[in-house]
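Reading through the structure tokens given below for one structure.
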Amino acid sequence: MGLIILSRKVLISRPYFLFALPWALLIPASAVFAQDADHSAQHADHSAPDAQHSGPHTGMTDMSPAGMFLMTLASGTAANPASSPMPMVMMHFGKWNTTFMGTAFAVDTQQSGPRGADKFYAPNWFMASAQHRAGPKGSFEADLMLSLEAATVTDRRYPLLFQTGETAYGVPLVDAQHPHNFIMGLGFHYTHQLGDDTFVDAYFAPVGDPALGPVAFPHRASAMELPQATLSHHWQDSTHIANEVVTLGISHKKLKFEASGFYGSEPGENRWIIESGPINSWSARLWFFPNKNWAAQVSAGKLVRPEALEPGDQVRATASLHYSRPMQGEIWSSSLIWGRNHSTATHRDLNSYLVESVVPIRPGNFITGRFELVDKDELFRTQPEIEARLDRVYGSTFRIGAYTIGFTRDIQLFRSLETGIGANFSAYSLPAAIQPYYGQHPVGGNIFIRFRLRPSS
Ligand SMILES: [Cu+2]
């Protein structure tokens with residue numbers, strides 16, 4: 001299976017119309033915003049090239065400290081380092097400050113070996129927020145995040161060797177990643193400034209991101225140039241789409257503590273609906289922001305029955321460290337993440353470790369990498385005889401290493417979209433016991449186009 005992208009077969013068989021869907025969302029929106037250039041649009045990284053003052057807030061109207069506090073959030077109540085890029089378009093309507101962000105990739109992936117596959121797919125998300133003062137010390141914000149992956153990732157999956165988590169057509173996904181829900185987020189924040197450096201915030205989200213784990217990979221600064229999911233997703237940040245999320249937080253100076261209650265089940269296969277259930281799961285997270293370049297968190301949570309087809313609950317613990325700083329007129333961003341799941345059904349503790357970075361070597365030229373070690377015990381879930389035999393000779397859990405290196409180059413195709421073309425390549429390490437099923441040296445590759453809403457400057 002070579003990386004032959006433009007063969008005749010590929011051109012005929014691939015559903016290129018899928019390109020159109022995320023664009024259909026992004027292009028008209030960005031065209032509208034581009035006309036509004038005068039009073040909108042600051043780019044967090046470019047608006048503060050000297051990095052001495054604080055980023056994306058200029059150009060906003062009537063923005064209180066509580067409002068600025070809310071502006072720093074990337075997904076739910078999780079935050080990238082303050083100096084991370086936040087490519088958002090800002091507009092104001094009366095007393096409302098609104099922001100718009102969007103990213104879409106069109107990807108051709110090829111994965112080697114007996115369990116590999118290839119596919120054309122398009123991960124994407126689009127987010128809008130509207131913020132309003134609420135009293136002299138408070139601010140209210142509503143967030144809506146949408147994804148069309150349920151349409152642009154056909155067959156309820158895209159191939160990704162060694163990936164596990166959730167189901168497709170009633171069968172656990174193995175060597176494949178699920179699409180995200182149409183309504184990825186629908187949440188409401190209220191933040192109140194108690195003192196000079198003290199804020200309390202409340203977040204309620206029928207669909208949202210509880211206080212557990214780092215910023216999820218689709219929104220993480222260090223993962224911006226990698227379209228594919230992390231193998232650690234269900235160890236670290238898979239709760240970014242959860243239902244009935246209630247989070248209360250308090251921050252003082254460089255520390256922030258948050259606690260959440262939420263419905264623990266992962267999204268079902270119907271990605272178009274909003275699910276609901278009892279608030280049966282909880283999490284807590286402590287953040288430390290030593291300065292604008294660093295963010296660190298530790299968090300833990302209990303997820304009641306997260307997987308539809310697996311008995312038992314999960315106790316998840318995560319810790320992560322994130323660093324961003326200006327470089328080459330862009331931003332260099334890195335993350336170091338650990339996540340562990342304890343299953344109450346199997347009593348196994350499974351660990352995951354991730355290092356990830358995107359380095360601008362020149363303006364508009366990014367080298368990116370991601371290295372992961374993940375303990376997987378679900379790779380043979382759909383093949384019980386093989387699973388039982390491996391369990392006798394080797395054990396239940398296989399430590400997989402994934403080593404990805406990639407490059408993206410910005411090309412200027414559209415005035416209102418940051419367009420880039422890129423590629424990445426992954427090699428894997430795996431125990432000898434499972435090499436008969438994956439090959440000795442499984443590899444994967446992706447070639448992609450990336451579109452991101454460009455703030456007009
Ligand atoms: Cu996800």
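Identifiers in this document derive from the order of the structure tokens: chains are assigned A, B, ..., residues are numbered from 1 separately in each chain, and ligands are numbered from 1 in order of occurrence.
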
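Identified as lying at most 8 Å from ligand 1 when counting only C-alpha atoms and all ligand atoms are the residues His178, Pro179, His180, Ala216, Phe217, Pro218, Ala229, His233, Asp237, Ser238, Thr239, His240 and Ile241 of chain A.
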
**OP:** Considering only C-alpha atoms, return as a PyMOL selection string whatever protein or nucleic-acid residues lie within 7 Å of Trp96 in chain A, sequence-local ones (same chain, fewer than 2 positions apart) excluded.
**Re:** chain A and resi 92-94+98+130-132

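Put simply, CA of Ala427 in chain A is 6.6 Å away from CA of Thr404 in chain A.
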
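For range 119-322 of chain A, backbone-based DSSP labels the following residues as alpha helix (DSSP H): Glu149, Ala150, Ala151, Thr152, His233, His234, Trp235 and Gln236 of chain A.
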
Original post:
Using the chain letters and numbers from this document, which residues of range 130-321 of chain A does DSSP assign to strand (DSSP E), as a PyMOL selection string?
Top reply: chain A and resi 130-133+138-146+158-168+171-177+183-195+198-208+242-252+255-263+281-288+294-303+314-321

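The smallest atom-to-atom distance between Thr382 in chain A and any of A:Pro136, A:Pro85, A:Pro436, A:Pro172, using only C-alpha atoms, is found for A:Pro172.
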